[in-house]
$ cat data_7.pdb   # PDB, C-alpha atoms, pLDDT in the B column
ATOM      1  CA  MET A 988       0.000   0.000   0.000  1.00 40.00           C
ATOM      2  CA  LEU A 989       2.067   2.864  -1.283  1.00 43.00           C
ATOM      3  CA  SER A 990       1.167   6.049   0.476  1.00 43.00           C
ATOM      4  CA  SER A 991       0.717   9.397  -1.133  1.00 40.00           C
ATOM      5  CA  PRO A 992       3.842  11.479  -1.667  1.00 46.00           C
ATOM      6  CA  LEU A 993       5.554  12.660   1.472  1.00 47.00           C
ATOM      7  CA  GLU A 994       4.796  16.165   2.653  1.00 49.00           C
ATOM      8  CA  THR A 995       8.456  16.509   3.590  1.00 50.00           C
ATOM      9  CA  GLU A 996      11.452  14.491   2.476  1.00 55.00           C
ATOM     10  CA  PRO A 997      12.608  11.760   4.864  1.00 56.00           C
ATOM     11  CA  ASP A 998      15.856  12.321   6.750  1.00 61.00           C
ATOM     12  CA  PRO A 999      18.627  10.991   4.464  1.00 63.00           C
ATOM     13  CA  SER A1000      20.971   9.980   7.282  1.00 92.00           C
ATOM     14  CA  PRO A1001      19.152   6.746   8.269  1.00 96.00           C
ATOM     15  CA  MET A1002      19.325   5.592   4.648  1.00 96.00           C
ATOM     16  CA  GLU A1003      23.049   6.364   4.622  1.00 97.00           C
ATOM     17  CA  ARG A1004      23.420   4.173   7.703  1.00 97.00           C
ATOM     18  CA  ALA A1005      21.417   1.433   5.963  1.00 98.00           C
ATOM     19  CA  PHE A1006      23.808   1.640   3.003  1.00 98.00           C
ATOM     20  CA  ALA A1007      26.771   1.345   5.381  1.00 97.00           C
ATOM     21  CA  GLU A1008      25.174  -1.770   6.866  1.00 98.00           C
ATOM     22  CA  ALA A1009      24.608  -3.176   3.368  1.00 98.00           C
ATOM     23  CA  ALA A1010      28.257  -2.568   2.460  1.00 97.00           C
ATOM     24  CA  SER A1011      29.273  -4.383   5.640  1.00 98.00           C
ATOM     25  CA  ALA A1012      27.150  -7.357   4.615  1.00 98.00           C
ATOM     26  CA  ALA A1013      28.733  -7.442   1.158  1.00 97.00           C
ATOM     27  CA  ALA A1014      32.215  -7.393   2.702  1.00 97.00           C
ATOM     28  CA  ARG A1015      31.240 -10.505   4.689  1.00 97.00           C
ATOM     29  CA  GLY A1016      29.882 -12.253   1.583  1.00 97.00           C
ATOM     30  CA  GLU A1017      26.254 -11.696   2.541  1.00 98.00           C
ATOM     31  CA  VAL A1018      23.627 -10.271   0.189  1.00 98.00           C
ATOM     32  CA  PRO A1019      24.075  -6.517   0.714  1.00 98.00           C
ATOM     33  CA  VAL A1020      20.935  -5.403   2.493  1.00 98.00           C
ATOM     34  CA  GLY A1021      20.998  -3.005   5.418  1.00 98.00           C
ATOM     35  CA  ALA A1022      18.226  -1.840   7.723  1.00 98.00           C
ATOM     36  CA  VAL A1023      17.911   0.890  10.342  1.00 98.00           C
ATOM     37  CA  ILE A1024      15.097   1.615  12.804  1.00 98.00           C
ATOM     38  CA  VAL A1025      14.692   5.246  13.793  1.00 97.00           C
ATOM     39  CA  ASP A1026      12.581   7.286  16.153  1.00 97.00           C
ATOM     40  CA  PRO A1027      11.287   9.980  13.764  1.00 95.00           C
ATOM     41  CA  VAL A1028      10.649  12.441  16.595  1.00 94.00           C
ATOM     42  CA  THR A1029      14.178  12.448  18.023  1.00 93.00           C
ATOM     43  CA  GLY A1030      16.104  11.069  15.053  1.00 93.00           C
ATOM     44  CA  ALA A1031      17.673   8.468  17.335  1.00 95.00           C
ATOM     45  CA  VAL A1032      18.756   5.211  15.714  1.00 96.00           C
ATOM     46  CA  LEU A1033      17.434   2.387  17.877  1.00 97.00           C
ATOM     47  CA  ALA A1034      18.887  -0.440  15.788  1.00 98.00           C
ATOM     48  CA  ALA A1035      20.910  -1.091  12.666  1.00 98.00           C
ATOM     49  CA  ALA A1036      21.590  -4.453  11.038  1.00 98.00           C
ATOM     50  CA  SER A1037      22.587  -6.177   7.854  1.00 98.00           C
ATOM     51  CA  ASN A1038      21.945  -9.613   6.415  1.00 98.00           C
ATOM     52  CA  ARG A1039      23.617 -12.446   8.334  1.00 98.00           C
ATOM     53  CA  THR A1040      21.928 -15.521   6.889  1.00 98.00           C
ATOM     54  CA  GLU A1041      25.203 -17.182   5.865  1.00 98.00           C
ATOM     55  CA  GLU A1042      27.153 -16.194   8.971  1.00 97.00           C
ATOM     56  CA  LEU A1043      24.459 -17.401  11.368  1.00 98.00           C
ATOM     57  CA  ALA A1044      23.244 -20.288   9.165  1.00 98.00           C
ATOM     58  CA  ASP A1045      19.783 -18.840   9.730  1.00 98.00           C
ATOM     59  CA  PRO A1046      17.354 -18.240   6.860  1.00 98.00           C
ATOM     60  CA  THR A1047      15.486 -15.682   8.981  1.00 98.00           C
ATOM     61  CA  ALA A1048      18.569 -13.522   9.663  1.00 98.00           C
ATOM     62  CA  HIS A1049      17.484 -10.822   7.219  1.00 98.00           C
ATOM     63  CA  ALA A1050      18.537  -7.247   7.947  1.00 98.00           C
ATOM     64  CA  GLU A1051      14.988  -6.132   8.741  1.00 98.00           C
ATOM     65  CA  VAL A1052      14.313  -9.016  11.142  1.00 98.00           C
ATOM     66  CA  LEU A1053      17.609  -8.487  12.963  1.00 98.00           C
ATOM     67  CA  ALA A1054      16.959  -4.747  13.246  1.00 98.00           C
ATOM     68  CA  ILE A1055      13.442  -5.374  14.584  1.00 98.00           C
ATOM     69  CA  ARG A1056      14.781  -7.845  17.161  1.00 98.00           C
ATOM     70  CA  ALA A1057      17.459  -5.368  18.288  1.00 98.00           C
ATOM     71  CA  ALA A1058      15.016  -2.438  18.482  1.00 98.00           C
ATOM     72  CA  CYS A1059      12.491  -4.480  20.474  1.00 98.00           C
ATOM     73  CA  ALA A1060      15.260  -5.492  22.877  1.00 98.00           C
ATOM     74  CA  ALA A1061      16.366  -1.849  23.167  1.00 97.00           C
ATOM     75  CA  VAL A1062      12.894  -0.616  24.097  1.00 97.00           C
ATOM     76  CA  GLY A1063      11.898  -3.732  26.026  1.00 98.00           C
ATOM     77  CA  GLN A1064       8.684  -4.163  24.055  1.00 97.00           C
ATOM     78  CA  PRO A1065       7.469  -6.587  21.366  1.00 97.00           C
ATOM     79  CA  ARG A1066       6.089  -3.773  19.220  1.00 98.00           C
ATOM     80  CA  LEU A1067       7.574  -0.616  17.764  1.00 98.00           C
ATOM     81  CA  PRO A1068       4.683   1.798  17.118  1.00 97.00           C
ATOM     82  CA  GLY A1069       5.715   5.223  15.981  1.00 97.00           C
ATOM     83  CA  LEU A1070       9.112   4.065  14.706  1.00 98.00           C
ATOM     84  CA  ASP A1071      10.352   4.004  11.115  1.00 98.00           C
ATOM     85  CA  LEU A1072      12.366   1.413   9.192  1.00 98.00           C
ATOM     86  CA  TYR A1073      14.828   2.332   6.454  1.00 98.00           C
ATOM     87  CA  VAL A1074      16.027  -0.583   4.315  1.00 98.00           C
ATOM     88  CA  THR A1075      18.007  -0.764   1.083  1.00 98.00           C
ATOM     89  CA  LEU A1076      15.755  -3.357  -0.611  1.00 98.00           C
ATOM     90  CA  GLU A1077      12.009  -3.891  -0.809  1.00 98.00           C
ATOM     91  CA  PRO A1078      11.140  -6.257   2.056  1.00 98.00           C
ATOM     92  CA  CYS A1079      10.312  -9.887   1.293  1.00 98.00           C
ATOM     93  CA  ALA A1080       7.247 -11.687   2.706  1.00 98.00           C
ATOM     94  CA  LEU A1081       9.123 -12.804   5.838  1.00 98.00           C
ATOM     95  CA  CYS A1082      10.253  -9.268   6.584  1.00 98.00           C
ATOM     96  CA  ALA A1083       6.886  -7.737   5.694  1.00 98.00           C
ATOM     97  CA  ALA A1084       5.222 -10.035   8.243  1.00 98.00           C
ATOM     98  CA  ALA A1085       7.771  -9.065  10.899  1.00 98.00           C
ATOM     99  CA  ILE A1086       7.254  -5.372  10.071  1.00 98.00           C
ATOM    100  CA  SER A1087       3.495  -5.778  10.424  1.00 98.00           C
ATOM    101  CA  PHE A1088       3.740  -7.688  13.717  1.00 98.00           C
ATOM    102  CA  ALA A1089       6.181  -5.070  15.067  1.00 98.00           C
ATOM    103  CA  ARG A1090       3.651  -2.344  14.187  1.00 98.00           C
ATOM    104  CA  LEU A1091       6.254  -0.067  12.591  1.00 98.00           C
ATOM    105  CA  ARG A1092       4.875   3.309  11.512  1.00 98.00           C
ATOM    106  CA  ARG A1093       6.636   3.710   8.156  1.00 98.00           C
ATOM    107  CA  VAL A1094       8.909   1.734   5.864  1.00 98.00           C
ATOM    108  CA  TYR A1095      11.282   3.497   3.488  1.00 98.00           C
ATOM    109  CA  PHE A1096      13.082   1.252   1.031  1.00 98.00           C
ATOM    110  CA  GLY A1097      15.598   1.656  -1.770  1.00 98.00           C
ATOM    111  CA  ALA A1098      15.532  -0.824  -4.637  1.00 98.00           C
ATOM    112  CA  TYR A1099      12.334  -2.503  -5.753  1.00 98.00           C
ATOM    113  CA  ASP A1100      12.509  -6.302  -5.869  1.00 98.00           C
ATOM    114  CA  PRO A1101      10.208  -7.713  -8.575  1.00 96.00           C
ATOM    115  CA  LYS A1102      11.306 -11.282  -7.813  1.00 96.00           C
ATOM    116  CA  GLY A1103      11.354 -11.441  -4.018  1.00 97.00           C
ATOM    117  CA  GLY A1104       9.684  -8.260  -2.818  1.00 98.00           C
ATOM    118  CA  ALA A1105       6.383  -8.435  -0.983  1.00 98.00           C
ATOM    119  CA  VAL A1106       5.414  -4.770  -0.594  1.00 98.00           C
ATOM    120  CA  GLU A1107       4.929  -3.559  -4.166  1.00 97.00           C
ATOM    121  CA  HIS A1108       5.475  -6.976  -5.776  1.00 97.00           C
ATOM    122  CA  GLY A1109       4.478 -10.588  -5.206  1.00 96.00           C
ATOM    123  CA  PRO A1110       1.969 -10.984  -2.389  1.00 97.00           C
ATOM    124  CA  ARG A1111       1.758  -7.247  -1.624  1.00 98.00           C
ATOM    125  CA  PHE A1112       1.601  -8.254   2.006  1.00 98.00           C
ATOM    126  CA  PHE A1113       0.357  -4.964   3.457  1.00 98.00           C
ATOM    127  CA  SER A1114      -2.591  -4.871   1.038  1.00 97.00           C
ATOM    128  CA  GLN A1115      -3.977  -8.234   2.129  1.00 97.00           C
ATOM    129  CA  PRO A1116      -7.130  -8.306   4.263  1.00 96.00           C
ATOM    130  CA  THR A1117      -5.339 -10.676   6.668  1.00 95.00           C
ATOM    131  CA  CYS A1118      -2.643  -8.080   7.396  1.00 97.00           C
ATOM    132  CA  HIS A1119      -3.314  -6.728  10.877  1.00 93.00           C
ATOM    133  CA  HIS A1120      -1.110  -3.645  10.572  1.00 98.00           C
ATOM    134  CA  ALA A1121       0.013  -1.939   7.379  1.00 98.00           C
ATOM    135  CA  PRO A1122       2.681   0.738   7.739  1.00 98.00           C
ATOM    136  CA  ASP A1123       2.963   3.650   5.359  1.00 98.00           C
ATOM    137  CA  THR A1124       5.479   2.612   2.701  1.00 98.00           C
ATOM    138  CA  TYR A1125       7.738   4.668   0.482  1.00 97.00           C
ATOM    139  CA  GLY A1126       9.834   2.912  -2.120  1.00 97.00           C
ATOM    140  CA  GLY A1127      12.560   4.016  -4.462  1.00 97.00           C
ATOM    141  CA  LEU A1128      14.744   6.005  -2.024  1.00 95.00           C
ATOM    142  CA  GLN A1129      18.133   6.144  -3.733  1.00 96.00           C
ATOM    143  CA  GLU A1130      16.834   3.326  -5.918  1.00 97.00           C
ATOM    144  CA  ARG A1131      19.684   3.398  -8.459  1.00 97.00           C
ATOM    145  CA  ARG A1132      22.340   3.274  -5.779  1.00 97.00           C
ATOM    146  CA  ALA A1133      20.600   0.420  -3.962  1.00 97.00           C
ATOM    147  CA  GLY A1134      20.104  -1.516  -7.193  1.00 97.00           C
ATOM    148  CA  ALA A1135      23.713  -1.010  -8.252  1.00 97.00           C
ATOM    149  CA  LEU A1136      24.946  -2.317  -4.908  1.00 97.00           C
ATOM    150  CA  LEU A1137      23.023  -5.547  -5.414  1.00 97.00           C
ATOM    151  CA  GLN A1138      23.907  -5.896  -9.102  1.00 96.00           C
ATOM    152  CA  ASP A1139      27.606  -5.412  -8.414  1.00 96.00           C
ATOM    153  CA  PHE A1140      27.510  -7.962  -5.598  1.00 96.00           C
ATOM    154  CA  PHE A1141      25.902 -10.649  -7.759  1.00 95.00           C
ATOM    155  CA  LYS A1142      28.014  -9.792 -10.816  1.00 92.00           C
ATOM    156  CA  GLU A1143      31.174 -10.530  -8.795  1.00 88.00           C
ATOM    157  CA  ARG A1144      29.806 -13.937  -7.832  1.00 85.00           C
ATOM    158  CA  ARG A1145      28.920 -15.121 -11.329  1.00 77.00           C
TER
END
$ encode --input "data_7.pdb" --output "structure tokens"
Amino acid sequence: MLSSPLETEPDPSPMERAFAEAASAAARGEVPVGAVIVDPVTGAVLAAASNRTEELADPTAHAEVLAIRAACAAVGQPRLPGLDLYVTLEPCALCAAAISFARLRRVYFGAYDPKGGAVEHGPRFFSQPTCHHAPDTYGGLQERRAGALLQDFFKERR
């Protein structure tokens, strides 16, 4: 459920931090996706993470899931209402479910993912009647940069 255009531009610094996390993942041989959870009122970063599926031998160790876990631990609550997620790639179905259950306020993402994305592609998770909470979503933030990061990563591995 793509929201109407933003009244003001989102703070670019959380996305920069997400890109730094993605670069860290790539350096470790992980798919370069980074995620950051921010309090939009204070600008405080509550959590930042990158993919660790290979390192942890855990198929659920996606950047978004790890950031949600860390933010929930930081606030001592199982939900994160009023907080925003910045991520370099359109969330998949697993991550979309975690985002919904965490009750995040907004999701800003970089590259669209026609194959594995679940926000604007595939199941369009937040548009389903079974979705209990749908955050506002804004895709395409620094889309070219995010896409190039992924393309370069996979090009090197082929």
$ resolve_selection --input "data_7.pdb" --expression "the PyMOL selection byres ((chain A and resi 1101-1108) around 12)" --output "ChimeraX atom specification"
/A:988-990,1075-1087,1094-1100,1109-1115,1118,1121-1127,1134
$ closest_residue --input "data_7.pdb" --among "A:Ala1013, A:Leu1128, A:Val1032, A:Ala1135" --to "Ile1055 of chain A" --atoms "all atoms listed in the file"
A:Val1032
$ resolve_selection --input "data_7.pdb" --expression "the PyMOL selection byres ((chain A and resi 1061) around 12)" --output "PyMOL selection string"
chain A and resi 1024-1025+1031-1035+1054-1060+1062-1067
$ write_last_selection --input "data_7.pdb" --atoms "C-alpha atoms" --output "mmCIF file, in the coordinates of the input"
data_model
loop_
_atom_site.group_PDB
_atom_site.id
_atom_site.type_symbol
_atom_site.label_atom_id
_atom_site.label_comp_id
_atom_site.auth_asym_id
_atom_site.auth_seq_id
_atom_site.Cartn_x
_atom_site.Cartn_y
_atom_site.Cartn_z
ATOM 1 C CA ILE A 1024 15.097 1.615 12.804
ATOM 2 C CA VAL A 1025 14.692 5.246 13.793
ATOM 3 C CA ALA A 1031 17.673 8.468 17.335
ATOM 4 C CA VAL A 1032 18.756 5.211 15.714
ATOM 5 C CA LEU A 1033 17.434 2.387 17.877
ATOM 6 C CA ALA A 1034 18.887 -0.440 15.788
ATOM 7 C CA ALA A 1035 20.910 -1.091 12.666
ATOM 8 C CA ALA A 1054 16.959 -4.747 13.246
ATOM 9 C CA ILE A 1055 13.442 -5.374 14.584
ATOM 10 C CA ARG A 1056 14.781 -7.845 17.161
ATOM 11 C CA ALA A 1057 17.459 -5.368 18.288
ATOM 12 C CA ALA A 1058 15.016 -2.438 18.482
ATOM 13 C CA CYS A 1059 12.491 -4.480 20.474
ATOM 14 C CA ALA A 1060 15.260 -5.492 22.877
ATOM 15 C CA VAL A 1062 12.894 -0.616 24.097
ATOM 16 C CA GLY A 1063 11.898 -3.732 26.026
ATOM 17 C CA GLN A 1064 8.684 -4.163 24.055
ATOM 18 C CA PRO A 1065 7.469 -6.587 21.366
ATOM 19 C CA ARG A 1066 6.089 -3.773 19.220
ATOM 20 C CA LEU A 1067 7.574 -0.616 17.764
#
$ resolve_selection --input "data_7.pdb" --expression "the PyMOL selection byres ((chain A and resi 1009) around 12)" --output "MDAnalysis selection string"
chainID A and resid 1002:1008 1010:1023 1035:1039 1049:1051 1073:1076 1097 1132:1137 1140
$ atom_distance --input "data_7.pdb" --atom1 "atom CA of Pro1068 of chain A" --atom2 "atom CA of Ala1089 of chain A"
7.3 Å
$ residues_near_point --input "data_7.pdb" --point "(11.7, 8.6, 14.9)" --cutoff "10 Å" --atoms "only C-alpha atoms" --output "VMD selection string"
chain A and resid 998 1024 to 1033 1069 to 1072 1092 to 1093
$ atom_distance --input "data_7.pdb" --atom1 "atom CA of Gln1138 of chain A" --atom2 "atom CA of Thr1040 of chain A"
18.8 Å
